[in-house]
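Structure first, then comments.
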Amino acid sequence: MILIKNARILDKDGSMDILINDEGRYEEISDKIDESKHSNCQVIDAKGMLAAPTFINTHMHLDKVYTSVSGRESVEETLEESIKIMHDRKRKYVVEDVKNRAVRAIKECVAYGCTKIRTNVDIDNMANLVGLKGVVAAKEECKDICDIQIVAFPQEGIFNNEGTERLMWEAMENGADVVGGMPAAEWLDSYAKKHVDLVFEIAKKYNALIDMHMDQSKDMFDRSMEYTAVKSMEEGMQGKVTGGHCTSIAYQNQSHAAKVMEILKIAKFNVCTNTQTLAIMGVDNEPRTRGVTRIREMVEMGINVATAQDTICDGFHLYGTGDPLDYGLICAYTAQYNTPKTARIVFDMLTKNSAKIFAPDEKYGIEVGNVADLNIIDANNVQEALRLRAARPYIIKKGKVIAKFEKKQTLI
């Protein structure tokens with residue numbers, strides 16, 4: 001058992017005590033728990049630090065991580081060029097190398113307090129299932145410290161990439177958990193709709209969630225999102241479909257965008273905007289765009305919006321650490337959230353909003369009866385946590401301390 005004393009829990013006044021039982025669940029949360037009644041407990045004095053539910057990264061590419069440690073060979077610095085950069089790398093994938101890179105990334109994410117990761121894995125006639133096999137092996141090795149969902153992701157499209165349709169079915173038989181897609185990669189609008197239809201067909205067969213890279217472009221005529229949202233209602237999958245990036249809508253006229261966002265709200269369609277990668281992706285003519293979706297409008301309409309790491313040092317993005325407070329801060333800048341109230345919106349994107357994407361039917365958060373996955377963060381509010389990318393002296397999963405993240409500064 002663990003007894004956490006003097007913690008500042010989000011949405012609760014003052015310091016609270018948290019008792020976690022041997023089954024790894026919250027047994028009691030109150031302003032004062034008698035320590036003498038729980039003599040066998042590990043006692044942690046949070047000293048007024050923030051207690052927050054575990055971070056959840058719902059959009060990652062573990063097969064690609066650290067493939068650009070020696071540099072990112074780019075001239076144009078666009079999304080299209082980045083996809084081409086990865087082509088040669090994917091053709092050279094080796095299962096053991098993919099596994100080792102993925103394990104490194106998982107462990108680094110966990111050390112920052114992120115114990116749930118949804119990762120895309122490329123499924124196409126270049127990578128075939130090699131990347132999938134490597135990430136499945138990494139998932140198995142790290143199962144005690146991180147819950148991982150694997151998305152079968154057809155980066156190159158399905159119908160203009162020969163063999164991918166077959167590989168998508170095979171991926172679901174060989175360890176993929178979630179059905180992915182990228183309809184904007186198809187050559188024709190008719191293929192894009194066919195792409196979406198196939199994703200739903202596979203999802204229904206395997207009773208799986210859907211998470212597609214949706215309209216990831218600056219082309220205002222990429223408009224698969226509204227079709228997908230309506231399809232989710234027709235198939236009874238409201239709340240179980242997520243669109244990643246969703247950038248095209250930012251370039252569409254206000255009238256059309258407003259209609260699409262209303263559909264998203266009705267369909268309970270989730271949006272995961274990955275601002276760290278998008279903000280650096282693509283060289284525009286002046287004035288430069290931020291390259292992200294309509295974050296503020298979507299949030300104000302009540303659409304569930306999350307944000308995630310996306311990539312760490314690969315053909316798309318030279319940087320990235322896996323720290324949710326790092327990419328959360330970038331989200332605050334790109335969404336132009338600059339008050340304590342809006343900082344909390346960003347923090348929610350990293351936690352409870354992401355939980356709705358990761359496991360929409362599961363309970364989440366610091367509440368009696370829930371699984372005790374949480375972080376003690378060395379800050380007394382969320383804006384300070386983001387500003388400082390604060391230390392996390394206790395990272396707890398299923399009632400066990402599994403990691404800590406320290407920050408040290410020494411003035412000499």
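By order of appearance in the structure tokens: chains A, B, ..., then residues from 1 within every chain, and ligands from 1 in the order shown.
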
### Message
Taking 5 positions as the minimum chain separation for residues in the same chain, which residues sit within 12 Å of Ala229 (chain A) when counting only C-alpha atoms? Answer as a ChimeraX atom specification.
### Response
/A:196-197,200,210-212,214,223-224,234-243,259-271

- Select from region 273-351 of chain A everything DSSP, run on the backbone, classes as strand (DSSP E or B), then give the selection as a list of chain:residue names.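 Of region 273-351 of chain A, the ones in strand (DSSP E or B) are A:Thr273, A:Val305, A:Ala306, A:Thr307, A:Asp310.
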
Distance query His87 (chain A) at most 9 Å, only C-alpha atoms, self and fewer than 5 positions along chain excluded, as a ChimeraX atom specification: /A:82,92,126-127

Legend entry - region 3-19 of chain A environment, 8 Å, only C-alpha atoms, sequence neighbours closer than 6 positions dropped, as a list in words: Tyr26, Glu27, Glu28, Ile29, Ser30, Asp31, Lys32, Ile33, Glu35, Cys41, Gln42, Val43, Ile44, Asp45, Ala46, Lys47, Gly48, Met49, Leu50, Ala51, Ala52, Ile366, Ile376 and Asn380 of chain A

Written selection (N, CA and C atoms) as a PDB file, in the first residue's frame:
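This is the output file out11.pdb:
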```pdb
ATOM      1  N   TYR A  26      -7.164   3.355  -5.921  1.00  0.00           N
ATOM      2  CA  TYR A  26      -7.384   4.365  -4.890  1.00  0.00           C
ATOM      3  C   TYR A  26      -8.427   3.843  -3.899  1.00  0.00           C
ATOM      4  N   GLU A  27      -8.036   3.745  -2.625  1.00  0.00           N
ATOM      5  CA  GLU A  27      -8.949   3.245  -1.594  1.00  0.00           C
ATOM      6  C   GLU A  27      -9.611   4.375  -0.818  1.00  0.00           C
ATOM      7  N   GLU A  28      -8.852   5.450  -0.589  1.00  0.00           N
ATOM      8  CA  GLU A  28      -9.417   6.573   0.163  1.00  0.00           C
ATOM      9  C   GLU A  28      -8.720   7.857  -0.261  1.00  0.00           C
ATOM     10  N   ILE A  29      -9.508   8.913  -0.386  1.00  0.00           N
ATOM     11  CA  ILE A  29      -8.973  10.250  -0.678  1.00  0.00           C
ATOM     12  C   ILE A  29      -9.688  11.213   0.245  1.00  0.00           C
ATOM     13  N   SER A  30      -8.944  11.841   1.131  1.00  0.00           N
ATOM     14  CA  SER A  30      -9.566  12.765   2.081  1.00  0.00           C
ATOM     15  C   SER A  30      -8.529  13.763   2.571  1.00  0.00           C
ATOM     16  N   ASP A  31      -9.005  14.757   3.330  1.00  0.00           N
ATOM     17  CA  ASP A  31      -8.069  15.788   3.777  1.00  0.00           C
ATOM     18  C   ASP A  31      -7.128  15.293   4.862  1.00  0.00           C
ATOM     19  N   LYS A  32      -7.454  14.159   5.516  1.00  0.00           N
ATOM     20  CA  LYS A  32      -6.569  13.624   6.545  1.00  0.00           C
ATOM     21  C   LYS A  32      -6.810  12.126   6.702  1.00  0.00           C
ATOM     22  N   ILE A  33      -5.782  11.334   6.423  1.00  0.00           N
ATOM     23  CA  ILE A  33      -5.833   9.891   6.634  1.00  0.00           C
ATOM     24  C   ILE A  33      -4.866   9.545   7.752  1.00  0.00           C
ATOM     25  N   GLU A  35      -2.226   7.925   9.569  1.00  0.00           N
ATOM     26  CA  GLU A  35      -1.092   7.100   9.188  1.00  0.00           C
ATOM     27  C   GLU A  35      -0.918   5.897  10.098  1.00  0.00           C
ATOM     28  N   CYS A  41       2.230   0.744   5.209  1.00  0.00           N
ATOM     29  CA  CYS A  41       2.234   1.568   3.996  1.00  0.00           C
ATOM     30  C   CYS A  41       3.595   2.185   3.714  1.00  0.00           C
ATOM     31  N   GLN A  42       3.897   2.335   2.422  1.00  0.00           N
ATOM     32  CA  GLN A  42       4.957   3.250   2.009  1.00  0.00           C
ATOM     33  C   GLN A  42       4.362   4.651   2.065  1.00  0.00           C
ATOM     34  N   VAL A  43       4.974   5.531   2.849  1.00  0.00           N
ATOM     35  CA  VAL A  43       4.448   6.881   3.014  1.00  0.00           C
ATOM     36  C   VAL A  43       5.261   7.857   2.160  1.00  0.00           C
ATOM     37  N   ILE A  44       4.545   8.631   1.366  1.00  0.00           N
ATOM     38  CA  ILE A  44       5.168   9.662   0.527  1.00  0.00           C
ATOM     39  C   ILE A  44       4.606  11.007   0.955  1.00  0.00           C
ATOM     40  N   ASP A  45       5.477  11.917   1.330  1.00  0.00           N
ATOM     41  CA  ASP A  45       5.045  13.280   1.646  1.00  0.00           C
ATOM     42  C   ASP A  45       5.177  14.127   0.385  1.00  0.00           C
ATOM     43  N   ALA A  46       4.031  14.485  -0.212  1.00  0.00           N
ATOM     44  CA  ALA A  46       4.053  15.270  -1.448  1.00  0.00           C
ATOM     45  C   ALA A  46       4.381  16.732  -1.201  1.00  0.00           C
ATOM     46  N   LYS A  47       4.322  17.182   0.031  1.00  0.00           N
ATOM     47  CA  LYS A  47       4.733  18.545   0.412  1.00  0.00           C
ATOM     48  C   LYS A  47       4.025  19.620  -0.419  1.00  0.00           C
ATOM     49  N   GLY A  48       2.745  19.400  -0.685  1.00  0.00           N
ATOM     50  CA  GLY A  48       1.974  20.394  -1.426  1.00  0.00           C
ATOM     51  C   GLY A  48       2.153  20.355  -2.925  1.00  0.00           C
ATOM     52  N   MET A  49       2.909  19.374  -3.414  1.00  0.00           N
ATOM     53  CA  MET A  49       3.092  19.257  -4.860  1.00  0.00           C
ATOM     54  C   MET A  49       1.804  18.766  -5.529  1.00  0.00           C
ATOM     55  N   LEU A  50       1.753  18.953  -6.833  1.00  0.00           N
ATOM     56  CA  LEU A  50       0.582  18.601  -7.620  1.00  0.00           C
ATOM     57  C   LEU A  50       0.508  17.089  -7.809  1.00  0.00           C
ATOM     58  N   ALA A  51      -0.665  16.523  -7.570  1.00  0.00           N
ATOM     59  CA  ALA A  51      -0.930  15.122  -7.900  1.00  0.00           C
ATOM     60  C   ALA A  51      -1.875  15.110  -9.091  1.00  0.00           C
ATOM     61  N   ALA A  52      -1.468  14.473 -10.167  1.00  0.00           N
ATOM     62  CA  ALA A  52      -2.252  14.477 -11.406  1.00  0.00           C
ATOM     63  C   ALA A  52      -2.274  13.078 -11.997  1.00  0.00           C
ATOM     64  N   ILE A 366      -7.970  10.549 -10.543  1.00  0.00           N
ATOM     65  CA  ILE A 366      -7.730  10.282  -9.126  1.00  0.00           C
ATOM     66  C   ILE A 366      -9.071  10.277  -8.400  1.00  0.00           C
ATOM     67  N   ILE A 376       3.327  12.675  -9.205  1.00  0.00           N
ATOM     68  CA  ILE A 376       3.521  13.788  -8.279  1.00  0.00           C
ATOM     69  C   ILE A 376       4.459  14.763  -8.972  1.00  0.00           C
ATOM     70  N   ASN A 380       2.839  23.775  -7.970  1.00  0.00           N
ATOM     71  CA  ASN A 380       1.581  23.891  -7.234  1.00  0.00           C
ATOM     72  C   ASN A 380       0.403  24.269  -8.124  1.00  0.00           C
TER      73      ASN A 380
END
```

Judged by only C-alpha atoms, the minimum distance to Lys341 (chain A) among A:Asn375, A:Ser39, A:Ser190, A:Asn381 is found for A:Asn381
